[in-house]
Amino acid sequence: MLRYVIRRLLLIIPTMFFVALITFSLAHLAPGSPFDKNPNRPLPEETIAHLERYFGVDKPIPEQFVIYIGNLLRGDLGASFVQRGRPVADIIGQGIGITAQLGIQALLLALAFSIPLGIVSALKQNTPIDYLSLLIATVGTTIPGFVTAIFLIYIFGVGFHLLPFVGWGSWQHTVMPTFVLALGPGAFLTRITRASMLEAIRQDYVRTARSKGLREQSVIVGHALKNALIPVATIIGPATAGLITGSFIIESLFNIPGIGRFYVLSINQRDYPMIMSTTLLYAFIIMIANLTVDIVYGALDPRIKVS
Amino acid sequence: MATAVTTRQQQQHAAELNVIARKQRSLWKDAWSRLLRNKAAIAGMVVIVFVAVVAILAEINIGGFHFRLAPFDPVTDQNTPKQLMEPIWTKAFGSKFTDPAFVLGSDELGRDILSRLMFGARISLVVGFVPVAIVFVIGATVGMLAGYLGGWVDNLLMRFTDIIYAFPDLLFVIIIVATLRDTGLGQILGGLILIFVGIAVVSWVGLARLMRGQVLSLKHREFVEAARCVGATPIRIMLRHLFPNVLAPIIVSIAFAIPGAMLTEATLSFLGVGIRPPTPTWGAMILEGFIVFSTTPWPVLLPAFCISIVLLAFTFLGDGLRDALDPRMKL
Amino acid sequence: MTQTRSRIWPLLSLLTLVGLVVGACTQQGGGPSTGGGASAADPNGELVTNMGTEPATIDPQVESFVQEIGVTMKVYEALMTFDLKTGKPIPAAAKDMPKVSSDGKSYTYTLRDGLKYSDGKALGANDFKYGWQRLCDPATAGEYAFTGYIVAGCEAWNGMDPKKDDPAKLAAAKKTFLDSITVSGNDISFKLTDPAPYFNAIAGLWVGVPTREDQVTKGGDKWTEPATYIGNGPFIMSEWKHQEKIVYTRNPNYRTPAKLAKWTSVMINEGAVAFAAYRNNELDIYPVAAEDLRTIDSDADLKKQVVDGPGSCTFYVGFNNKKDPFTDKNVRVAFAKSFDRDAYINDVQKIGKPATSFISPGIPGYDSGDTFQKFDVAAAKAALAQASPAATAALASLKLTYSSSARNKTRLEWFQNQWKTNLGVNATLDPVDSTTFTQLVKKPETLPVMFLLGWCADYYDQQDWLTTVFSSKASSGRVGYTSKQFDDLVFGADKEPDPKKRDDMYQQASRLLSSDAAAAFIYYDSTKILQKSWVKDYSITALGFEGQHWTDVYVTKKS
């Protein structure tokens with residue numbers, strides 16, 4: 001097992017290299033440059049020439065890539081082109097804690113309601129509680145987060161004055177964004193849990209366990225749930241990464257100074273160093289998450305051997 | 001009690017024996033007849049067909065024949081003084097902004113929301129299906145192969161999947177939209193097909209990992225071993241034995257991917273990627289509605305409601321399909 | 001939402017009020033009254049406004065966006081500023097109007113006595129010189145360096161490559177430039193390349209504020225953080241939580257202390273959220289969007305808080321004058337006259353005024369009598385009928401390119417319909433993301449056939465409009481329009497010392513622009529804000545960064 005983990009960790013390096021190569025090429029292939037900011041006032045050519053020299057983008061793209069990778073290996077992420085002069089490491093360092101906190105809270109919340117709800121709806125299939133969970137999951141999926149957020153802001157922020165919705169600081173600030181962020185993955189996880197639970201309780205070994213006279217509770221938790229969690233675990237891996245990076249809209253709406261927004265903003269602005277850093281960070285989280293999932297498989301079902 | 005339980009192994013043996021013993025009644029035929037007996041699944045199908053029919057009948061213009069179910073043209077029938085009317089039933093709750101001509105209200109340019117929803121169904125259904133079909137085919141194949149074959153195949157495919165996971169799809173979409181917008185491909189459905197094929201090509205990874213996880217947990221089960229013992233080829237094992245057994249989470253994933261794809265359009269427009277359908281779509285309507293949200297919530301709620309209905313329909317149909325394909329369910 | 005910073009100026013100016021300042025020239029609508037004992041300034045008063053997005057930079061010699069300038073001009077003061085009523089340049093850090101040489105090519109300003117930076121250090125003419133030096137230094141790579149090109153030697157030095165060019169030549173160019181700004185005691189003189197009656201306006205811009213050399217050196221790339229962003233203006237930037245807020249506090253060393261003790265600028269991206277925050281008393285000022293009007297109209301309290309002010313931008317449909325069908329003046333005229341601007345303002349845009357000429361109201365040169373482009377279906381059709389066959393053929397595949405957003409889409413669908421109804425022309429909408437759009441419109445070779453653009457004032461002068469946007473030397477907003485007659489008028493007027501003659505020449509040029517239909521002008525923006533009753537003397541002007549804005553505004557006890 002240890003050898004497997006070490007090998008997988010080593011494989012992250014070449015994988016990251018390919019991600020870097022693809023992202024770098026796409027970023028430079030995208031039309032426009034970080035200096036095309038305002039269509040009404042395009043910068044004069046000589047100013048753009050200065051800026052290109054200033055940021056070193058006047059060199060051939062392959063050369064820029066080599067320079068970038070060299071700097072990266074030395075731990076230098078470069079400086080943002082758009083937030084002029086701010087080192088990318090500063091920008092990410094300042095916001096990552098906030099984004100991670102928000103993402104982890106949302107993940108825990110999603111798990112806390114989706115797994116029990118999924119299990120209950122499976123056990124009580126086609127009863128009102130099953131339909132209620134379907135309804136919640138449907139609403140959570142089909143109403144985009146930015147719409148839900150506005151509704152909540154008007155109801156709990158303006159209507160009842162219960163929760164603050166601008167900025168970041170107290171735990172109250174995190175309530176609405178956490179909820180909105182948790183809704184989408186939570187809805188999906190509920191349905192996945194329900195589906196795999198339904199599948200699991202029909203399995204022979206569950207029937208066997210029941211027929212042995214085990215208590216229902218231990219049948220469900222000890223036998224059915226463990227197997228039902230395999231697809232759930234598969235989903236949680238990328239969902240974690242997605243929560244940490246996908247909070248773009250939520251962070252913008254609630255004015256939260258995290259880094260989620262840069263995943264999109266840097267692309268819209270063609271801020272090459274930021275695009276690279278955010279994408280590589282995301283790639284890294286995804287790979288660690290997927291590795292974790294692969295290890296968890298073995299714990300959930302000893303028959304699964306990863307090697 | 002125990003005698004009443006047919007074990008999976010017995011069942012699989014029986015199935016294999018059936019193959020040998022007589023001309024098999026096809027799995028799919030069985031499934032179909034099981035499906036038809038599931039009321040919720042039928043309801044789901046009816047809804048989907050209904051939406052499709054409305055979408056087609058929204059306007060038909062073949063040769064000299066012209067029929068329009070929609071009360072108005074969704075783009076050109078603008079009546080700006082009557083903008084942002086609310087649905088007629090809100091009058092009962094005190095809304096001062098209703099107009100009998102607009103059953104579901106009107107948008108910012110005074111266009112009929114009902115008509116826009118009807119026309120919107122057209123492209124929304126296409127953008128719901130096409131990418132999901134692509135995602136399904138690629139994701140299921142990669143996941144099945146990686147999970148079943150294991151070893152270096154698994155490792156290679158999964159590292160490739162990791163790369164695609166991190167693929168900057170927004171960047172990719174911006175590039176294809178900007179560079180191909182003047183080509184024929186870029187013009188089909190206002191560039192939506194291009195965008196969605198592009199997105200699908202890089203978003204099968206979640207499904208692939210889901211499939212692989214399922215296959216990993218099943219491939220050492222008795223029924224698979226049994227099939228191997230009776231000499232079933234790997235392809236047969238994957239298609240006939242593993243596939244029907246891994247479907248449960250896959251179907252959920254697909255049912256959710258369809259509204260997901262419809263909403264992607266709203267999100268993309270929200271992010272400033274140029275999409276220019278000649279007719280409205282539900283996704284675009286949600287975004288347009290969001291802008292006028294502080295005036296009236298209906299332009300957001302109505303298209304969201306349509307997407308919900310479609311999601312529910314697919315969920316019921318999907319649940320029915322899963323049950324129908326479950327080899328343990330008896331006729 | 002997702003409001004990316006690449007959104008255009010005018011949008012930023014609508015979204016972010018920070019830049020919008022003062023004004024006795026505002027038409028105070030249903031504004032709150034200022035009488036009574038309750039209106040006394042709270043000496044510890046705090047104002048909270050929204051700047052919308054994180055500024056990309058607040059380096060005065062680099063920046064170019066409204067909300068960036070809003071930060072700089074609270075913390076720094078230039079030589080000149082603008083009178084709130086007339087818009088004319090008036091002295092700020094300078095004691096008086098400058099002495100201008102008889103040939104109009106030398107401007108000498110004398111500083112006020114006893115000027116200090118907020119940390120107490122004395123401020124002299126050399127500090128101003130350093131600001132200008134940074135502006136023109138090619139190593140700064142400033143976005144508004146071109147505003148300094150009127151100073152002799154700036155353009156040549158700024159045009160060099162600081163890394164590759166011969167260091168001796170660079171040093172020579174730098175010296176030539178530095179020699180054209182001379183300092184003697186409290187006096188600073190600028191030698192110009194040409195007579196430029198608008199130079200006082202340039203001296204009122206953010207580009208020449210006295211950045212502190214010691215702090216720039218000390219802070220390096222991060223000198224714009226609060227510790228080293230030390231200025232001579234009414235406020236001190238005491239805190240900058242990136243992506244969240246900037247906090248300013250009163251500068252005790254400023255000659256006219258600000259009435260506010262504290263001013264917080266938050267960064268709420270989304271208009272609907274900002275509106276909610278305003279209603280929750282978390283914001284004191286909120287710029288109204290068209291979609292808020294129905295809500296405001298139906299709420300008596302909110303309705304009382306509306307204040308109207310001028311805008312500074314003109315929006316137009318640009319025609320690529322070098323591509324069919326718009327090579328044909330008849331087609332341009334037809335399009336310019338073919339849409340109902342009044343209906344557009346009333347029903348769609350809601351906030352703003354119909355425009356039939358380029359220069360916006362409130363800017364010298366605004367010409368309400370220029371109605372050539374007014375809505376006239378018959379004239380539009382007649383003009384189109386005279387179009388050449390080549391132009392008519394090109395109409396079949398007409399495309400309107402714009403920066404993609406749901407708002408733009410709806411608005412342009414209205415235009416699409418007007419052209420279809422009034423001209424029988426089917427135009428396709430062609431949205432692209434805003435960065436791509438910027439790239440397309442900046443080069444004549446890639447300029448789309450038809451596109452949507454706007455122009456906002458930098459300062460109160462026709463030169464900033466006509467010469468900068470539509471002359472053959474235009475640096476931006478190109479439409480491919482070339483007219484020798486127009487060029488002669490504006491280049492002549494740029495140098496004309498007689499104000500009356502100068503205005504006349506610009507007016508002729510402006511009318512020529514309208515009747516040639518180089519572009520179809522749509523509307524002038526205007527500002528409508530909601531303002532809490534405890535906010536007093538918050539003025540709205542076209543430019544929005546005049547110094548008095550920061551010192552005059554105050555809040556009363558909220559009680």
# chains A, B, ... in the order shown; residues from 1 in each chain; ligands from 1
$ residues_around --residues "Ile98 (chain A)" --least-positions-apart "2" --cutoff "10 Å" --atoms "only C-alpha atoms" --output "ChimeraX atom specification"
/A:93-96,100-104,168-169,174,244,251,256-260
$ write_last_selection --atoms "all heavy atoms" --output "short mmCIF file (atom, residue, chain, number, x, y, z; two decimals), in the first residue's frame"
data_model
loop_
_atom_site.label_atom_id
_atom_site.label_comp_id
_atom_site.auth_asym_id
_atom_site.auth_seq_id
_atom_site.Cartn_x
_atom_site.Cartn_y
_atom_site.Cartn_z
N GLY A 93 -2.21 33.11 -1.20
CA GLY A 93 -2.00 32.90 0.23
C GLY A 93 -3.03 33.63 1.08
O GLY A 93 -3.52 33.11 2.08
N GLN A 94 -3.41 34.82 0.62
CA GLN A 94 -4.35 35.60 1.41
C GLN A 94 -5.76 35.01 1.39
O GLN A 94 -6.47 35.05 2.38
CB GLN A 94 -4.40 37.03 0.86
CG GLN A 94 -5.20 37.98 1.72
CD GLN A 94 -5.95 39.00 0.88
OE1 GLN A 94 -5.54 39.35 -0.21
NE2 GLN A 94 -7.07 39.44 1.40
N GLY A 95 -6.14 34.44 0.24
CA GLY A 95 -7.53 34.01 0.10
C GLY A 95 -7.78 32.54 0.29
O GLY A 95 -8.92 32.13 0.50
N ILE A 96 -6.73 31.72 0.25
CA ILE A 96 -6.99 30.29 0.19
C ILE A 96 -7.60 29.76 1.48
O ILE A 96 -8.47 28.89 1.46
CB ILE A 96 -5.71 29.49 -0.19
CG1 ILE A 96 -6.10 28.06 -0.51
CG2 ILE A 96 -4.68 29.54 0.94
CD1 ILE A 96 -5.04 27.28 -1.21
N ALA A 100 -10.96 27.76 1.51
CA ALA A 100 -10.93 26.40 2.02
C ALA A 100 -11.92 26.24 3.17
O ALA A 100 -12.66 25.24 3.24
CB ALA A 100 -9.52 26.04 2.48
N GLN A 101 -11.97 27.22 4.04
CA GLN A 101 -12.92 27.14 5.16
C GLN A 101 -14.35 27.02 4.64
O GLN A 101 -15.13 26.17 5.04
CB GLN A 101 -12.80 28.38 6.05
CG GLN A 101 -13.71 28.31 7.29
CD GLN A 101 -13.89 29.65 7.97
OE1 GLN A 101 -13.07 30.55 7.80
NE2 GLN A 101 -14.96 29.79 8.72
N LEU A 102 -14.66 27.89 3.68
CA LEU A 102 -16.00 27.89 3.10
C LEU A 102 -16.28 26.55 2.44
O LEU A 102 -17.35 25.95 2.62
CB LEU A 102 -16.08 29.03 2.07
CG LEU A 102 -17.44 29.42 1.56
CD1 LEU A 102 -18.31 29.87 2.70
CD2 LEU A 102 -17.30 30.55 0.55
N GLY A 103 -15.30 26.05 1.69
CA GLY A 103 -15.49 24.79 0.97
C GLY A 103 -15.67 23.62 1.93
O GLY A 103 -16.55 22.78 1.74
N ILE A 104 -14.88 23.59 2.99
CA ILE A 104 -14.96 22.46 3.93
C ILE A 104 -16.28 22.52 4.70
O ILE A 104 -16.96 21.52 4.85
CB ILE A 104 -13.73 22.45 4.86
CG1 ILE A 104 -12.51 22.07 4.03
CG2 ILE A 104 -13.92 21.48 6.01
CD1 ILE A 104 -11.18 22.32 4.70
N TRP A 168 -16.80 39.22 5.25
CA TRP A 168 -16.31 38.00 5.87
C TRP A 168 -15.78 38.37 7.22
O TRP A 168 -15.21 39.44 7.39
CB TRP A 168 -15.20 37.42 5.00
CG TRP A 168 -14.71 36.08 5.38
CD1 TRP A 168 -13.53 35.79 6.02
CD2 TRP A 168 -15.38 34.84 5.17
NE1 TRP A 168 -13.44 34.44 6.18
CE2 TRP A 168 -14.55 33.83 5.68
CE3 TRP A 168 -16.60 34.48 4.59
CZ2 TRP A 168 -14.89 32.49 5.64
CZ3 TRP A 168 -16.95 33.15 4.55
CH2 TRP A 168 -16.09 32.17 5.06
N GLY A 169 -15.98 37.56 8.22
CA GLY A 169 -15.46 37.91 9.52
C GLY A 169 -16.04 36.99 10.57
O GLY A 169 -15.40 36.07 11.05
N THR A 174 -20.72 33.32 7.37
CA THR A 174 -20.49 32.12 6.57
C THR A 174 -21.77 31.32 6.34
O THR A 174 -21.78 30.40 5.54
CB THR A 174 -19.45 31.20 7.25
OG1 THR A 174 -20.05 30.59 8.40
CG2 THR A 174 -18.22 31.96 7.67
N ILE A 244 -13.86 23.90 -3.33
CA ILE A 244 -12.80 24.84 -2.99
C ILE A 244 -12.55 25.81 -4.15
O ILE A 244 -12.21 26.96 -3.95
CB ILE A 244 -11.53 24.06 -2.59
CG1 ILE A 244 -11.80 23.42 -1.24
CG2 ILE A 244 -10.31 24.95 -2.53
CD1 ILE A 244 -10.71 22.55 -0.72
N GLU A 251 -18.56 33.67 -3.93
CA GLU A 251 -17.64 34.65 -3.36
C GLU A 251 -17.91 36.06 -3.90
O GLU A 251 -17.83 37.03 -3.18
CB GLU A 251 -16.18 34.25 -3.63
CG GLU A 251 -15.75 33.08 -2.77
CD GLU A 251 -14.28 32.74 -2.93
OE1 GLU A 251 -13.55 33.48 -3.61
OE2 GLU A 251 -13.86 31.72 -2.37
N ILE A 256 -16.85 37.91 -0.59
CA ILE A 256 -15.93 37.16 0.27
C ILE A 256 -14.54 37.18 -0.38
O ILE A 256 -14.40 36.83 -1.54
CB ILE A 256 -16.42 35.71 0.44
CG1 ILE A 256 -17.76 35.72 1.17
CG2 ILE A 256 -15.39 34.87 1.19
CD1 ILE A 256 -18.45 34.38 1.16
N PRO A 257 -13.53 37.59 0.38
CA PRO A 257 -12.20 37.75 -0.22
C PRO A 257 -11.43 36.44 -0.35
O PRO A 257 -10.31 36.32 0.11
CB PRO A 257 -11.50 38.72 0.73
CG PRO A 257 -12.15 38.50 2.05
CD PRO A 257 -13.56 38.08 1.78
N GLY A 258 -12.03 35.45 -0.98
CA GLY A 258 -11.34 34.18 -1.18
C GLY A 258 -10.67 34.13 -2.54
O GLY A 258 -10.51 35.15 -3.21
N ILE A 259 -10.26 32.93 -2.95
CA ILE A 259 -9.60 32.82 -4.24
C ILE A 259 -10.49 32.16 -5.29
O ILE A 259 -10.12 32.05 -6.44
CB ILE A 259 -8.29 32.02 -4.16
CG1 ILE A 259 -8.55 30.63 -3.59
CG2 ILE A 259 -7.26 32.75 -3.36
CD1 ILE A 259 -7.44 29.67 -3.90
N GLY A 260 -11.69 31.70 -4.87
CA GLY A 260 -12.57 31.02 -5.82
C GLY A 260 -12.81 31.85 -7.05
O GLY A 260 -12.80 31.37 -8.18
#
$ interface_residues --of "chain B" --to "chain A" --cutoff "7 Å" --atoms "only C-alpha atoms" --output "list in words"
Thr7, Arg8, Arg159, Asp162, Ile163, Ala166, Phe167, Pro168, Leu171, Phe172, Ile174, Ile175, Arg209, Leu210, Gly213, Gln214, Leu216, Ser217, His220, Ala248, Pro249, Val252, Pro259, Phe290, Ala304, Ile307, Ser308, Leu311 and Leu312 of chain B
$ residues_around --residues "region 141-147 of chain B" --least-positions-apart "4" --cutoff "12 Å" --atoms "only C-alpha atoms" --output "MDAnalysis selection string"
(chainID A and resid 234 294 304:306) or (chainID B and resid 134:137 151:161 204:220 234:235 237:239 241:247 250)
$ write_last_selection --atoms "N, CA and C atoms" --output "compact mmCIF listing (two decimals), in the first residue's frame"
# COMPACT_ATOMS: atom_id res chain seq x y z
N THR A 234 -16.62 8.23 -4.45
CA THR A 234 -16.12 8.66 -5.76
C THR A 234 -16.49 10.10 -6.04
N ASP A 294 -9.26 6.52 -3.95
CA ASP A 294 -8.79 5.18 -4.31
C ASP A 294 -8.36 4.39 -3.08
N ILE A 304 -11.72 -4.77 -3.14
CA ILE A 304 -11.09 -3.85 -4.10
C ILE A 304 -9.63 -3.69 -3.75
N LYS A 305 -8.79 -4.11 -4.66
CA LYS A 305 -7.36 -3.95 -4.41
C LYS A 305 -6.82 -2.93 -5.40
N VAL A 306 -6.21 -1.93 -4.89
CA VAL A 306 -5.55 -1.01 -5.80
C VAL A 306 -4.08 -1.35 -5.83
N ILE B 134 -22.82 12.46 -25.19
CA ILE B 134 -21.37 12.35 -25.43
C ILE B 134 -20.65 11.98 -24.13
N VAL B 135 -21.04 12.66 -23.05
CA VAL B 135 -20.43 12.40 -21.76
C VAL B 135 -20.62 10.94 -21.38
N PHE B 136 -21.83 10.46 -21.61
CA PHE B 136 -22.14 9.09 -21.23
C PHE B 136 -21.27 8.09 -22.00
N VAL B 137 -21.21 8.27 -23.29
CA VAL B 137 -20.46 7.31 -24.11
C VAL B 137 -18.98 7.31 -23.71
N GLY B 151 -4.74 -2.50 -13.62
CA GLY B 151 -3.32 -2.47 -13.97
C GLY B 151 -2.90 -1.20 -14.66
N TRP B 152 -2.02 -1.33 -15.64
CA TRP B 152 -1.49 -0.14 -16.29
C TRP B 152 -2.55 0.59 -17.11
N VAL B 153 -3.52 -0.16 -17.63
CA VAL B 153 -4.61 0.51 -18.38
C VAL B 153 -5.32 1.48 -17.45
N ASP B 154 -5.67 0.98 -16.26
CA ASP B 154 -6.35 1.80 -15.27
C ASP B 154 -5.50 3.02 -14.92
N ASN B 155 -4.25 2.75 -14.66
CA ASN B 155 -3.37 3.84 -14.25
C ASN B 155 -3.26 4.92 -15.33
N LEU B 156 -3.07 4.47 -16.55
CA LEU B 156 -2.93 5.42 -17.65
C LEU B 156 -4.22 6.21 -17.86
N LEU B 157 -5.34 5.48 -17.92
CA LEU B 157 -6.61 6.17 -18.15
C LEU B 157 -6.93 7.14 -17.01
N MET B 158 -6.64 6.74 -15.80
CA MET B 158 -6.98 7.60 -14.68
C MET B 158 -6.06 8.82 -14.59
N ARG B 159 -4.79 8.66 -14.99
CA ARG B 159 -3.94 9.86 -15.01
C ARG B 159 -4.42 10.81 -16.11
N PHE B 160 -4.83 10.23 -17.23
CA PHE B 160 -5.40 11.06 -18.29
C PHE B 160 -6.66 11.77 -17.77
N THR B 161 -7.46 11.03 -17.02
CA THR B 161 -8.66 11.62 -16.43
C THR B 161 -8.29 12.77 -15.49
N TRP B 204 -16.49 14.38 -19.18
CA TRP B 204 -16.90 12.99 -18.94
C TRP B 204 -16.18 12.39 -17.75
N VAL B 205 -15.23 13.13 -17.16
CA VAL B 205 -14.35 12.55 -16.17
C VAL B 205 -15.06 12.09 -14.90
N GLY B 206 -16.05 12.86 -14.45
CA GLY B 206 -16.76 12.49 -13.23
C GLY B 206 -17.46 11.15 -13.43
N LEU B 207 -18.10 11.03 -14.58
CA LEU B 207 -18.82 9.80 -14.88
C LEU B 207 -17.85 8.62 -15.00
N ALA B 208 -16.71 8.88 -15.61
CA ALA B 208 -15.73 7.81 -15.78
C ALA B 208 -15.26 7.28 -14.43
N ARG B 209 -15.02 8.18 -13.49
CA ARG B 209 -14.56 7.72 -12.18
C ARG B 209 -15.68 7.02 -11.42
N LEU B 210 -16.88 7.50 -11.59
CA LEU B 210 -18.02 6.87 -10.94
C LEU B 210 -18.16 5.42 -11.44
N MET B 211 -18.09 5.28 -12.75
CA MET B 211 -18.21 3.98 -13.39
C MET B 211 -17.09 3.06 -12.90
N ARG B 212 -15.88 3.60 -12.87
CA ARG B 212 -14.74 2.78 -12.47
C ARG B 212 -14.91 2.30 -11.03
N GLY B 213 -15.34 3.21 -10.16
CA GLY B 213 -15.53 2.84 -8.76
C GLY B 213 -16.53 1.70 -8.63
N GLN B 214 -17.61 1.79 -9.40
CA GLN B 214 -18.63 0.75 -9.35
C GLN B 214 -18.07 -0.57 -9.86
N VAL B 215 -17.38 -0.49 -10.97
CA VAL B 215 -16.85 -1.71 -11.57
C VAL B 215 -15.85 -2.36 -10.63
N LEU B 216 -15.00 -1.53 -10.00
CA LEU B 216 -14.03 -2.07 -9.06
C LEU B 216 -14.73 -2.87 -7.95
N SER B 217 -15.84 -2.36 -7.49
CA SER B 217 -16.49 -3.02 -6.36
C SER B 217 -17.24 -4.28 -6.81
N LEU B 218 -17.52 -4.39 -8.08
CA LEU B 218 -18.31 -5.54 -8.55
C LEU B 218 -17.48 -6.62 -9.22
N LYS B 219 -16.30 -6.26 -9.69
CA LYS B 219 -15.67 -7.21 -10.61
C LYS B 219 -15.18 -8.48 -9.94
N HIS B 220 -15.08 -8.46 -8.60
CA HIS B 220 -14.68 -9.70 -7.94
C HIS B 220 -15.87 -10.42 -7.33
N PRO B 234 -14.46 -10.95 -22.15
CA PRO B 234 -14.44 -9.72 -21.34
C PRO B 234 -15.48 -8.71 -21.81
N ILE B 235 -15.63 -8.58 -23.11
CA ILE B 235 -16.60 -7.59 -23.60
C ILE B 235 -18.00 -7.96 -23.16
N ILE B 237 -18.78 -9.76 -20.57
CA ILE B 237 -18.91 -9.55 -19.13
C ILE B 237 -19.16 -8.08 -18.83
N MET B 238 -18.42 -7.23 -19.51
CA MET B 238 -18.59 -5.80 -19.25
C MET B 238 -20.00 -5.33 -19.63
N LEU B 239 -20.44 -5.75 -20.81
CA LEU B 239 -21.72 -5.23 -21.30
C LEU B 239 -22.92 -5.90 -20.63
N HIS B 241 -22.98 -8.19 -17.91
CA HIS B 241 -23.01 -8.51 -16.49
C HIS B 241 -22.71 -7.31 -15.62
N LEU B 242 -21.67 -6.60 -15.96
CA LEU B 242 -21.31 -5.46 -15.12
C LEU B 242 -22.22 -4.26 -15.39
N PHE B 243 -22.40 -3.97 -16.65
CA PHE B 243 -23.11 -2.74 -17.00
C PHE B 243 -24.48 -2.61 -16.31
N PRO B 244 -25.35 -3.60 -16.41
CA PRO B 244 -26.65 -3.43 -15.77
C PRO B 244 -26.54 -3.28 -14.26
N ASN B 245 -25.49 -3.79 -13.68
CA ASN B 245 -25.36 -3.74 -12.24
C ASN B 245 -24.74 -2.45 -11.71
N VAL B 246 -24.11 -1.69 -12.58
CA VAL B 246 -23.50 -0.45 -12.08
C VAL B 246 -24.38 0.75 -12.37
N LEU B 247 -25.53 0.49 -12.99
CA LEU B 247 -26.31 1.62 -13.51
C LEU B 247 -26.86 2.60 -12.47
N ILE B 250 -25.09 5.75 -12.00
CA ILE B 250 -24.86 6.36 -13.31
C ILE B 250 -26.13 7.06 -13.79
$ interface_residues --of "chain A" --to "chain C" --cutoff "9 Å" --atoms "only C-alpha atoms" --output "MDAnalysis selection string"
chainID A and resid 30:51 53:54 82:87 91 94 150 153:154 157:159 161 165:168 248:249 252:258 261 264:265 268:270
$ select_by_dssp --residues "region 184-270 of chain C" --states "strand (DSSP E)" --output "JSON, numbers by chain"
{"C": [184, 187, 188, 189, 190, 191, 235, 236, 237, 238, 239, 240, 241, 245, 246, 247, 248, 249, 250, 262, 263, 264, 265, 266]}
$ write_last_selection --atoms "C-alpha atoms" --output "PDB file, in the first residue's frame"
ATOM      1  CA  SER C 184      12.730  76.787  -8.678  1.00  0.00           C
ATOM      2  CA  ASP C 187       7.603  76.997  -8.742  1.00  0.00           C
ATOM      3  CA  ILE C 188       7.335  74.229 -11.285  1.00  0.00           C
ATOM      4  CA  SER C 189       7.376  74.997 -15.036  1.00  0.00           C
ATOM      5  CA  PHE C 190       6.404  72.734 -17.876  1.00  0.00           C
ATOM      6  CA  LYS C 191       7.678  73.228 -21.409  1.00  0.00           C
ATOM      7  CA  PHE C 235      -7.644  61.161   3.295  1.00  0.00           C
ATOM      8  CA  ILE C 236      -5.169  58.545   4.409  1.00  0.00           C
ATOM      9  CA  MET C 237      -5.650  55.042   3.123  1.00  0.00           C
ATOM     10  CA  SER C 238      -5.470  53.279   6.452  1.00  0.00           C
ATOM     11  CA  GLU C 239      -6.533  49.778   5.461  1.00  0.00           C
ATOM     12  CA  TRP C 240      -6.877  47.754   2.286  1.00  0.00           C
ATOM     13  CA  LYS C 241      -8.352  44.311   2.707  1.00  0.00           C
ATOM     14  CA  LYS C 245     -12.755  46.893   1.334  1.00  0.00           C
ATOM     15  CA  ILE C 246     -10.580  49.984   1.537  1.00  0.00           C
ATOM     16  CA  VAL C 247     -10.801  52.209   4.593  1.00  0.00           C
ATOM     17  CA  TYR C 248      -9.815  55.870   4.536  1.00  0.00           C
ATOM     18  CA  THR C 249      -9.409  58.156   7.504  1.00  0.00           C
ATOM     19  CA  ARG C 250      -9.173  61.916   7.646  1.00  0.00           C
ATOM     20  CA  LYS C 262     -13.780  57.772   8.012  1.00  0.00           C
ATOM     21  CA  TRP C 263     -14.817  56.570   4.611  1.00  0.00           C
ATOM     22  CA  THR C 264     -15.158  52.880   3.863  1.00  0.00           C
ATOM     23  CA  SER C 265     -15.359  51.591   0.297  1.00  0.00           C
ATOM     24  CA  VAL C 266     -16.588  48.038   0.113  1.00  0.00           C
TER      25      VAL C 266
END
$ interface_residues --of "chain B" --to "chain C" --cutoff "8 Å" --atoms "only C-alpha atoms" --output "number ranges by chain"
B: 75-76, 78, 80-81, 108-109, 174, 177-178, 269-276, 284, 287-288, 291-295
$ residues_around --residues "Ser118 (chain C)" --least-positions-apart "6" --cutoff "6 Å" --atoms "only C-alpha atoms" --output "ChimeraX atom specification"
/C:231-232,251,253
$ closest_residue --among "B:Val51, B:Leu84, B:Leu268, B:Val197" --to "Gly289 (chain B)" --atoms "only C-alpha atoms"
B:Leu84
$ closest_residue --among "B:Gly260, B:Gly110, B:Pro87, B:Pro299" --to "Leu125 (chain B)" --atoms "only C-alpha atoms"
B:Gly260
$ closest_residue --among "B:Phe129, B:Phe97, B:Phe67, B:Tyr165" --to "Val310 (chain B)" --atoms "only C-alpha atoms"
B:Phe129
